[in-house]
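**Q** My questions all concern the structure below.
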Amino acid sequence: MIRRALISVYDKAGLIPLARALNRRKVEILSTGGTAKLLREQRIPVTEISKFTGFPEILSGRVKTLHPKVHGGILADRGNKEHRAQAKRLGLKAIDLVVVNLYPFEAAARRKNAPMPKLIEQIDIGGVALIRSAAKNFKSVGVLCRPDQYPAAIAELQEKGTFSEMSLFRLAVEAFAESAYYDSVIHQALAHREKRPLTRSLSPKGRGLGEGRKWPERIVLAVSKRQELRYGENPHQSAVWYQWAATGALPGGLGRARQLHGKDLSFNNLLDLDAALKLVFAFRKPAAAVVKHNNPCGVSCAATPAEAFRRAFAGDPLSAFGGIVGLNRPVDEPAARAIVGSGFLECIVAPGYRPGALRILKGKKNLRIIEVPRKGPRECLDFRQVGGGLLAQRPDEMRKGPGRWRPAAGAKPTAAQRKDLIFAWTVARFVKSNAIVIAKGERTVGIGMGLTSRVDSVAFALKKAGGRARGAVLASDGFFPKPDGPALAARAGIRAIIQPGGSIQDPAVIQVVEKAGVPMLLTGERHFKH
């Protein structure tokens, strides 16, 4: 039976119906500050917590409920004789229900450049302590920590007058999740202020962790459910989309996405949208990419979004069917008409859409239209799950730019070839290994990906390119273990090559391209993507 409830909430949504339901059952309500004021205004009887404890709120409200009479009333084990005797001797009154929600720290941390003193004042202490105390003693005490829990609680109170053992246990589990998430958001935001590697990538100029920093022994990841998905990679797999807490410490990316049209996104859509965004945002020029199964099948830079899309789509129109389109510029009407005229596509993602373009695109009933701002916090660490744990690494950034590449064979690339080599090398970072990218005029004409042999990737990319390979350039994300790949490329008419170098077969590889008169640049940096 619930005889006494403590209510102290920041978010007062839905509170009055709950308080009235408690009042109808003759439950004594204890409360603090603004909550007590609201209840009195609604003519709901309430006892101020300071009157209950005999001790005033102090330190600008930092200490309100941190008192033995409060926590003793919550934590006393009703089945323990010693606890009952102590409670009687000390005059402790049992508190059977705790209704608490916490200061909005996450909202405060979301504000850009929030002053640290204001951020600190949004760290809830008493509320978290109340939640944990009530959850620990769940056999006797109920705990409600979110307004969305109130309707079910009211219904159970009306039906039974109390909560079932299963309800108490379930509420305790949810309460511990609430306090754990809250603390993880605080950790994430403060670690960001310290520029720790957990929440923010380090300077591209750094090596390893750099500047004497060490990987933390423990990490805390704050994520919350954004939406349930229809299914996972396959229809028999259930799935959900979680996103990072918005503390400014982690990237915006898809977490800032707005869906403007179309049916719900699928698990696979989200994977491909993420790949498309990262790829096109790697370019400063207007760029477009068509992504399929987490790999690009066409990428292009051009003077306008429309031209960039047309060239990207033409890179491999067969594979582009049912793909995801990404652009790094707002979509205008010419681009929208080009996209609509290209056949079936699943999604389009871009930083924005002109009103006329949006009208054109919405003519495609099933086309999912996603808007994601280009500007946002830098990349966080890259996490991958393995059985029993997580792997973490810094994002793959191009640290060794063109100024640090060295010619290894043949004549120097022409200015046009060098531009295409930079383009192809950039694309290769976003292609599954073994990655081979063939490009001409800053657009891909053939891509080989995900094969277990590099020479097979070369052959596949050349097959996709066909006659377009003649006069094109080739990028390889890793070194050539043997001369066979470059030899095959040279015979097909490839006129320049870029690769990391570092194989014990480098002298033989260099000999092949020198003989073919094909210039080759060595970057000294590979870009595997598994």
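Labels used: A, B, ... for chains in the order of the structure tokens, numbers from 1 for residues in each chain, and numbers from 1 for ligands as shown.
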I want to know what sits within 12 Å of Lys278 in chain A, based on only C-alpha atoms, with residues of the same chain fewer than 2 positions away left out; could you give that as a ChimeraX atom specification?
**A** /A:251-254,271-276,280-283,287-289,291,294-296,326-328,349-350,372,374,378-379,395-397,426-427,429-431
**Q** Could you give me, as a VMD selection string, the residues within 10 Å of Glu48 in chain A, counting only C-alpha atoms and dropping anything in the same chain fewer than 3 positions from it?
**A** chain A and resid 6 29 to 33 35 to 37 51 to 54 56
**Q** From the list A:Ala245, A:Ala134, A:Val46, A:Val458, which residue is nearest Val70 in chain A when using only C-alpha atoms?
**A**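 Selected residue with least distance to Val70 in chain A: A:Ala134.
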**Q** By how many Å are CA of Leu462 in chain A and CA of Ile497 in chain A apart?
**A** 13.5 Å
**Q** Within range 113-204 of chain A, find each residue whose DSSP state, derived from the backbone, is alpha helix (DSSP H), and express the selection as a VMD selection string.
**A** chain A and resid 116 to 121 126 to 136 150 to 160 165 to 193
**Q** Record the distance separating CA of Gly356 in chain A and CA of Ala335 in chain A, expressed in Å with one decimal.
**A**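 Between these atoms lies a distance of 10.7 Å.
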**Q** If you count only C-alpha atoms, which residues fall within 9 Å of Pro413 in chain A, apart from same-chain ones fewer than 2 positions away, as number ranges by chain?
**A** A: 407, 410-411, 415-418, 421, 495-496, 518-521
**Q** Report, in Å to a single decimal, how far apart CA of Leu66 in chain A and CA of Phe105 in chain A are.
**A** 19.7 Å
